[in-house]
Structure formats: C-alpha cells, structure tokens
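Chemist: If it helps, the file is called structure19.pdb and holds PDB, C-alpha atoms:
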```
ATOM      1  CA  MET A   1      10.582 -56.096  33.519
ATOM      2  CA  VAL A   2      11.325 -54.003  30.444
ATOM      3  CA  SER A   3      14.858 -52.822  30.028
ATOM      4  CA  SER A   4      15.639 -49.226  29.220
ATOM      5  CA  THR A   5      16.906 -50.228  25.769
ATOM      6  CA  ASN A   6      13.614 -51.930  24.982
ATOM      7  CA  MET A   7      11.737 -48.960  26.401
ATOM      8  CA  LYS A   8      13.588 -46.633  24.018
ATOM      9  CA  LYS A   9      12.373 -48.785  21.123
ATOM     10  CA  ILE A  10       8.798 -49.070  22.347
ATOM     11  CA  ILE A  11       8.194 -45.367  23.036
ATOM     12  CA  PRO A  12       8.716 -44.192  19.415
ATOM     13  CA  ILE A  13       6.513 -47.038  18.178
ATOM     14  CA  LEU A  14       3.757 -46.072  20.607
ATOM     15  CA  LEU A  15       4.053 -42.427  19.611
ATOM     16  CA  LEU A  16       3.775 -43.265  15.914
ATOM     17  CA  LEU A  17       0.790 -45.533  16.586
ATOM     18  CA  THR A  18      -0.954 -42.827  18.622
ATOM     19  CA  LEU A  19      -0.286 -40.136  16.009
ATOM     20  CA  SER A  20      -1.524 -42.340  13.189
ATOM     21  CA  LEU A  21      -4.765 -43.074  15.042
ATOM     22  CA  TYR A  22      -5.455 -39.388  15.671
ATOM     23  CA  SER A  23      -4.488 -38.336  12.161
ATOM     24  CA  CYS A  24      -7.026 -40.727  10.638
ATOM     25  CA  GLN A  25      -9.784 -38.294  11.579
ATOM     26  CA  TYR A  26      -8.355 -35.794   9.054
ATOM     27  CA  PHE A  27      -8.613 -38.335   6.252
ATOM     28  CA  ASN A  28     -12.173 -39.297   7.130
ATOM     29  CA  SER A  29     -13.599 -35.796   6.586
ATOM     30  CA  GLN A  30     -15.526 -35.410   3.380
ATOM     31  CA  VAL A  31     -14.155 -33.234   0.624
ATOM     32  CA  PRO A  32     -16.752 -30.694  -0.547
ATOM     33  CA  ASN A  33     -17.876 -31.238  -4.114
ATOM     34  CA  GLN A  34     -17.045 -28.875  -6.959
ATOM     35  CA  ASP A  35     -20.499 -27.240  -7.070
ATOM     36  CA  GLU A  36     -20.433 -26.427  -3.354
ATOM     37  CA  LEU A  37     -16.989 -24.866  -3.652
ATOM     38  CA  LEU A  38     -18.070 -22.816  -6.679
ATOM     39  CA  GLU A  39     -21.228 -21.612  -4.949
ATOM     40  CA  LYS A  40     -19.275 -20.634  -1.834
ATOM     41  CA  GLU A  41     -16.714 -18.730  -3.913
ATOM     42  CA  LEU A  42     -19.407 -16.941  -5.958
ATOM     43  CA  LYS A  43     -21.125 -15.790  -2.766
ATOM     44  CA  ALA A  44     -17.832 -14.407  -1.444
ATOM     45  CA  ILE A  45     -17.272 -12.197  -4.506
ATOM     46  CA  ASN A  46     -18.466  -8.582  -4.320
ATOM     47  CA  TRP A  47     -20.014  -8.177  -7.778
ATOM     48  CA  ASN A  48     -20.581  -4.431  -7.295
ATOM     49  CA  GLN A  49     -16.876  -3.580  -7.207
ATOM     50  CA  VAL A  50     -14.062  -4.204  -9.627
ATOM     51  CA  ASP A  51     -10.483  -4.959  -8.693
ATOM     52  CA  GLU A  52      -9.141  -2.412 -11.161
ATOM     53  CA  LEU A  53     -11.073   0.497 -12.666
ATOM     54  CA  PRO A  54     -10.922   1.336 -16.369
ATOM     55  CA  SER A  55      -8.091   3.662 -17.299
ATOM     56  CA  PHE A  56      -6.385   5.532 -20.087
ATOM     57  CA  SER A  57      -2.663   5.105 -20.690
ATOM     58  CA  ASN A  58      -1.920   8.648 -19.497
ATOM     59  CA  CYS A  59      -3.246   7.637 -16.037
ATOM     60  CA  ASP A  60      -1.177   4.439 -15.805
ATOM     61  CA  SER A  61       1.682   6.206 -14.010
ATOM     62  CA  VAL A  62      -0.635   7.132 -11.108
ATOM     63  CA  VAL A  63      -0.247   4.558  -8.338
ATOM     64  CA  ASP A  64      -2.909   5.651  -5.821
ATOM     65  CA  LYS A  65      -6.255   4.019  -6.672
ATOM     66  CA  THR A  66      -8.339   7.096  -5.805
ATOM     67  CA  GLN A  67      -6.116   9.433  -7.799
ATOM     68  CA  LYS A  68      -6.080   7.010 -10.745
ATOM     69  CA  LYS A  69      -9.884   6.927 -10.705
ATOM     70  CA  GLN A  70     -10.007  10.735 -10.606
ATOM     71  CA  CYS A  71      -7.476  10.952 -13.444
ATOM     72  CA  PHE A  72      -9.636   8.661 -15.589
ATOM     73  CA  PHE A  73     -12.859  10.595 -14.920
ATOM     74  CA  ASP A  74     -11.214  14.011 -15.397
ATOM     75  CA  PHE A  75      -9.559  12.962 -18.653
ATOM     76  CA  LEU A  76     -12.748  11.391 -20.032
ATOM     77  CA  THR A  77     -14.898  14.376 -19.026
ATOM     78  CA  GLN A  78     -12.441  16.773 -20.656
ATOM     79  CA  LEU A  79     -12.439  14.741 -23.892
ATOM     80  CA  ILE A  80     -16.245  14.623 -24.002
ATOM     81  CA  GLN A  81     -16.472  18.374 -23.346
ATOM     82  CA  GLN A  82     -13.999  19.101 -26.142
ATOM     83  CA  LYS A  83     -15.844  16.915 -28.620
ATOM     84  CA  LEU A  84     -19.250  18.390 -27.760
ATOM     85  CA  SER A  85     -18.148  22.023 -27.579
ATOM     86  CA  VAL A  86     -17.763  22.248 -31.369
ATOM     87  CA  ASP A  87     -21.254  21.027 -32.121
ATOM     88  CA  THR A  88     -24.783  22.257 -32.500
ATOM     89  CA  LEU A  89     -25.809  20.805 -29.157
ATOM     90  CA  THR A  90     -25.645  24.206 -27.479
ATOM     91  CA  VAL A  91     -27.659  25.707 -30.367
ATOM     92  CA  LEU A  92     -30.220  22.887 -30.283
ATOM     93  CA  CYS A  93     -30.590  23.124 -26.485
ATOM     94  CA  PRO A  94     -29.443  26.615 -25.375
ATOM     95  CA  LYS A  95     -30.827  26.216 -21.845
ATOM     96  CA  LEU A  96     -29.040  22.917 -21.369
ATOM     97  CA  ASP A  97     -25.736  23.770 -19.679
ATOM     98  CA  THR A  98     -24.907  20.313 -18.288
ATOM     99  CA  ILE A  99     -25.727  16.910 -19.655
ATOM    100  CA  ASN A 100     -25.364  13.640 -17.824
ATOM    101  CA  VAL A 101     -23.769  11.027 -20.046
ATOM    102  CA  LYS A 102     -23.998   7.348 -19.196
ATOM    103  CA  VAL A 103     -20.632   5.871 -20.165
ATOM    104  CA  THR A 104     -20.207   2.151 -20.700
ATOM    105  CA  VAL A 105     -16.710   0.696 -20.947
ATOM    106  CA  LEU A 106     -17.112  -2.764 -22.447
ATOM    107  CA  ALA A 107     -14.790  -5.672 -21.743
ATOM    108  CA  ASP A 108     -13.427  -5.387 -25.296
ATOM    109  CA  ALA A 109     -12.184  -1.841 -24.489
ATOM    110  CA  THR A 110     -14.862  -0.007 -26.483
ATOM    111  CA  LEU A 111     -16.833   2.957 -25.187
ATOM    112  CA  GLN A 112     -20.565   3.615 -25.496
ATOM    113  CA  PHE A 113     -22.365   6.827 -24.589
ATOM    114  CA  GLU A 114     -26.005   7.522 -23.784
ATOM    115  CA  PRO A 115     -27.510  10.859 -22.712
ATOM    116  CA  GLN A 116     -29.379  10.864 -19.411
ATOM    117  CA  ILE A 117     -31.885  13.729 -19.637
ATOM    118  CA  ASN A 118     -34.556  14.150 -16.990
ATOM    119  CA  ASP A 119     -36.643  16.705 -18.889
ATOM    120  CA  THR A 120     -37.487  14.710 -22.022
ATOM    121  CA  LEU A 121     -40.433  16.993 -22.864
ATOM    122  CA  SER A 122     -38.236  20.078 -23.330
ATOM    123  CA  TYR A 123     -35.458  18.394 -25.299
ATOM    124  CA  ASN A 124     -35.357  16.135 -28.308
ATOM    125  CA  THR A 125     -33.522  13.206 -26.742
ATOM    126  CA  THR A 126     -33.327  11.339 -30.045
ATOM    127  CA  LYS A 127     -31.510  14.267 -31.638
ATOM    128  CA  ILE A 128     -29.173  14.642 -28.642
ATOM    129  CA  ASP A 129     -28.442  10.914 -28.714
ATOM    130  CA  SER A 130     -27.596  11.062 -32.424
ATOM    131  CA  ILE A 131     -25.257  14.034 -31.845
ATOM    132  CA  LEU A 132     -23.485  12.100 -29.083
ATOM    133  CA  LYS A 133     -23.075   9.060 -31.330
ATOM    134  CA  VAL A 134     -21.566  11.168 -34.136
ATOM    135  CA  ARG A 135     -19.298  13.310 -31.941
ATOM    136  CA  LEU A 136     -18.106  10.881 -29.300
ATOM    137  CA  VAL A 137     -15.816   8.752 -31.455
ATOM    138  CA  ASP A 138     -12.058   8.272 -31.846
ATOM    139  CA  PHE A 139     -11.165   8.143 -28.182
ATOM    140  CA  PRO A 140      -7.723   7.006 -27.046
ATOM    141  CA  LYS A 141      -7.400   3.340 -26.137
ATOM    142  CA  VAL A 142      -9.108   2.601 -22.859
ATOM    143  CA  ASN A 143      -8.153  -0.283 -20.602
ATOM    144  CA  PRO A 144     -11.347  -1.983 -19.356
ATOM    145  CA  ALA A 145     -12.070  -2.651 -15.707
ATOM    146  CA  ILE A 146     -10.652  -5.867 -14.270
ATOM    147  CA  LYS A 147     -12.421  -8.292 -11.948
ATOM    148  CA  ARG A 148     -10.368 -11.285 -10.771
ATOM    149  CA  GLY A 149      -8.020 -10.947 -13.718
ATOM    150  CA  ILE A 150     -10.798 -10.785 -16.334
ATOM    151  CA  PRO A 151     -11.842  -7.645 -18.279
ATOM    152  CA  VAL A 152     -15.427  -6.689 -17.399
ATOM    153  CA  LYS A 153     -18.038  -4.128 -18.427
ATOM    154  CA  THR A 154     -18.476  -1.039 -16.250
ATOM    155  CA  GLN A 155     -20.998   1.790 -16.372
ATOM    156  CA  PHE A 156     -21.121   5.198 -14.764
ATOM    157  CA  VAL A 157     -22.737   8.590 -15.306
ATOM    158  CA  LEU A 158     -20.593  11.670 -15.930
ATOM    159  CA  PRO A 159     -21.929  15.218 -15.676
ATOM    160  CA  VAL A 160     -20.551  17.074 -18.703
ATOM    161  CA  ILE A 161     -20.647  20.864 -18.822
ATOM    162  CA  LEU A 162     -21.558  22.128 -22.265
ATOM    163  CA  ASN A 163     -20.093  25.282 -23.747
ATOM    164  CA  VAL A 164     -17.266  25.415 -21.193
ATOM    165  CA  GLU A 165     -15.613  28.519 -22.666
ATOM    166  CA  ASN A 166     -18.670  30.643 -21.798
ATOM    167  CA  LYS A 167     -18.665  29.614 -18.174
TER     168      LYS A 167
END
```
Let's see the structure in the file written out as structure tokens.

Modeler:
Amino acid sequence: MVSSTNMKKIIPILLLLTLSLYSCQYFNSQVPNQDELLEKELKAINWNQVDELPSFSNCDSVVDKTQKKQCFFDFLTQLIQQKLSVDTLTVLCPKLDTINVKVTVLADATLQFEPQINDTLSYNTTKIDSILKVRLVDFPKVNPAIKRGIPVKTQFVLPVILNVENK
C-alpha cells in the first residue's frame, strides 16, 4: 500500500509527466516557411487604401480623419484655383469653367498634375497641359500618404473651378 507521503510525491510527478506528453503536440506542429507567411500577409493587406492620407502642414492639427482629408482637398483645390486664375487658361478656353486635374502625390513628397478633359476635340489638351506644368509649381511641402509606415504614391482627380471670381 502507498502511504500518503509517497502519494504526495507521486501525484506531482504524474501531473508533470502527463502535461509534458500533451505539450509535445505543440512542438510537433510545423512552422510555416517565410514565403507562406509573406504571401498570407500580402493577401491580408488592402492595397486600395492607405493608412494615412497625404496632407499639408496646415491640416496636421486636424485629428478627425475625414476632416483632415477634406482639409487637404480644400487647401489643394484653393491653391490650384489661385494659380490658374491668373493665367490665359480662361482666355484659351472661355467655355471651360471647370477642369478635372489628376493629382499625383509621389512617395518623395512631390506633386504632379495632369488635366483630365473629356472633350479633346474642342480643347487643345497639349496647351492646357503645358499651362498646368508652368503654373502649378511652388506648392507648400506635402506629406505623402503612408501605408504600413512607408510613404507611398497616391492619385486622385480634383474638379477645379476656373475663373472663380466671376462665379
């Protein structure tokens, strides 16, 4: 017969033995290889959205994401309108009251502009493009969009009203 003292010694040993046998199954599972983990992570990323939108320093104090986005677009639209209002664009295209401008914010914090005109037969798109390239320079520093801590390129189209003071 086993004494109670011996039983007290045997029970912890049996518990440890049982736990070690069951825990071995966790060590036997295969670790996924690096390529599988990378592929799984890449599939989980939403490549159509950025974590942080581009911004100008005057919008940095805005905390709400939606309001910060609106601040950026309003400020950029206003700057483009100011720069284009003093040009011959309204003389060259008097019927053109709004122009869609494709804006690209590159990862290196530079801006690129491209006119998006549907009626290319009525307007000289090459001339409009050259006016945009000459006029749309010297913008304030822009902070590029951020995706997973890395600056990335973003593109969007802004409708810009020409000759605002006559509206």

Chemist: Kindly assemble as JSON lines a list of the stretch 121-158 of chain A residues that lie within 8 Å of stretch 40-52 of chain A, each paired with its nearest atom pair and their distance in Å to one decimal, using only C-alpha atoms, sorted first by chain and then by ascending residue number.

Modeler:
```
{"residue": "A:Ala145", "atom": "CA", "partner": "A:Glu52", "partner_atom": "CA", "distance": 5.4}
{"residue": "A:Ile146", "atom": "CA", "partner": "A:Glu52", "partner_atom": "CA", "distance": 4.9}
{"residue": "A:Lys147", "atom": "CA", "partner": "A:Val50", "partner_atom": "CA", "distance": 5.0}
{"residue": "A:Arg148", "atom": "CA", "partner": "A:Asp51", "partner_atom": "CA", "distance": 6.7}
```

Chemist: Grab the atom CA of A:Thr77 to atom CA of A:Leu136 distance for me, in Å with one decimal place.

Modeler: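 Pair atom CA of A:Thr77 / atom CA of A:Leu136 returns 11.3 Å.
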
Chemist: Output, as lines of an AutoDock Vina configuration file, the centre and edge lengths in Å (one decimal) of the axis-aligned box that contains all listed atoms of stretch 98-107 of chain A with 8 Å of margin on each side.

Modeler:
```
center_x = -20.3
center_y = 7.3
center_z = -20.1
size_x = 26.9
size_y = 42.0
size_z = 20.6
```

Chemist: Kindly resolve the PyMOL selection byres ((chain A and resi 135) around 9) on the present coordinates and return the residues as number ranges by chain.

Modeler: A: 80, 83-84, 87, 130-134, 136-138

Chemist: If the PyMOL selection byres ((chain A and resi 113) around 6) is run on the structure shown, which residues does it catch, given as a PyMOL selection string?

Modeler: chain A and resi 102-103+112+114

Chemist: Counting all atoms listed in the file, figure out which residue out of A:Gln81, A:Thr154, A:Thr18, A:Ser55 gets nearest to A:Thr104.

Modeler: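 Closest to A:Thr104, using all atoms listed in the file: A:Thr154.
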
Chemist: Excluding A:Thr110 and any residue of its chain fewer than 2 positions from it, enumerate the residues within 10 Å of it, using only C-alpha atoms, and give them as a PDB file with C-alpha atoms, in the coordinates of the input.

Modeler:
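File selection_26.pdb, as written:
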```
ATOM      1  CA  THR A 104     -20.207   2.151 -20.700  1.00  0.00           C
ATOM      2  CA  VAL A 105     -16.710   0.696 -20.947  1.00  0.00           C
ATOM      3  CA  LEU A 106     -17.112  -2.764 -22.447  1.00  0.00           C
ATOM      4  CA  ALA A 107     -14.790  -5.672 -21.743  1.00  0.00           C
ATOM      5  CA  ASP A 108     -13.427  -5.387 -25.296  1.00  0.00           C
ATOM      6  CA  GLN A 112     -20.565   3.615 -25.496  1.00  0.00           C
ATOM      7  CA  PHE A 139     -11.165   8.143 -28.182  1.00  0.00           C
ATOM      8  CA  LYS A 141      -7.400   3.340 -26.137  1.00  0.00           C
ATOM      9  CA  VAL A 142      -9.108   2.601 -22.859  1.00  0.00           C
ATOM     10  CA  ASN A 143      -8.153  -0.283 -20.602  1.00  0.00           C
ATOM     11  CA  PRO A 144     -11.347  -1.983 -19.356  1.00  0.00           C
ATOM     12  CA  LYS A 153     -18.038  -4.128 -18.427  1.00  0.00           C
TER      13      LYS A 153
END
```

Chemist: Interatomic distance between atom CA of A:Thr125 and atom CA of A:Leu76?

Modeler: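 Those two atoms sit 21.9 Å apart.
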
Chemist: Can you tell me how far atom CA of A:Ser85 sits from atom CA of A:Gln67, in Å to one decimal?

Modeler: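 The value is 26.4 Å.
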
Chemist: For A:Phe72, please output as a PyMOL selection string all residues within 8 Å (counting all atoms listed in the file; exclusion window: fewer than 3 positions along the same chain).

Modeler: chain A and resi 54-56+59+68-69+75-76

Chemist: I'd like the contact shell of A:Val101 - 6 Å cut-off, all atoms listed in the file, skipping same-chain residues fewer than 5 positions apart - returned as a count of residues only.

Modeler: 5

Chemist: Mind listing as a ChimeraX atom specification all residues within 10 Å of (-27.5, 23.6, -16.8), counting only C-alpha atoms?

Modeler: /A:94-99,160-162
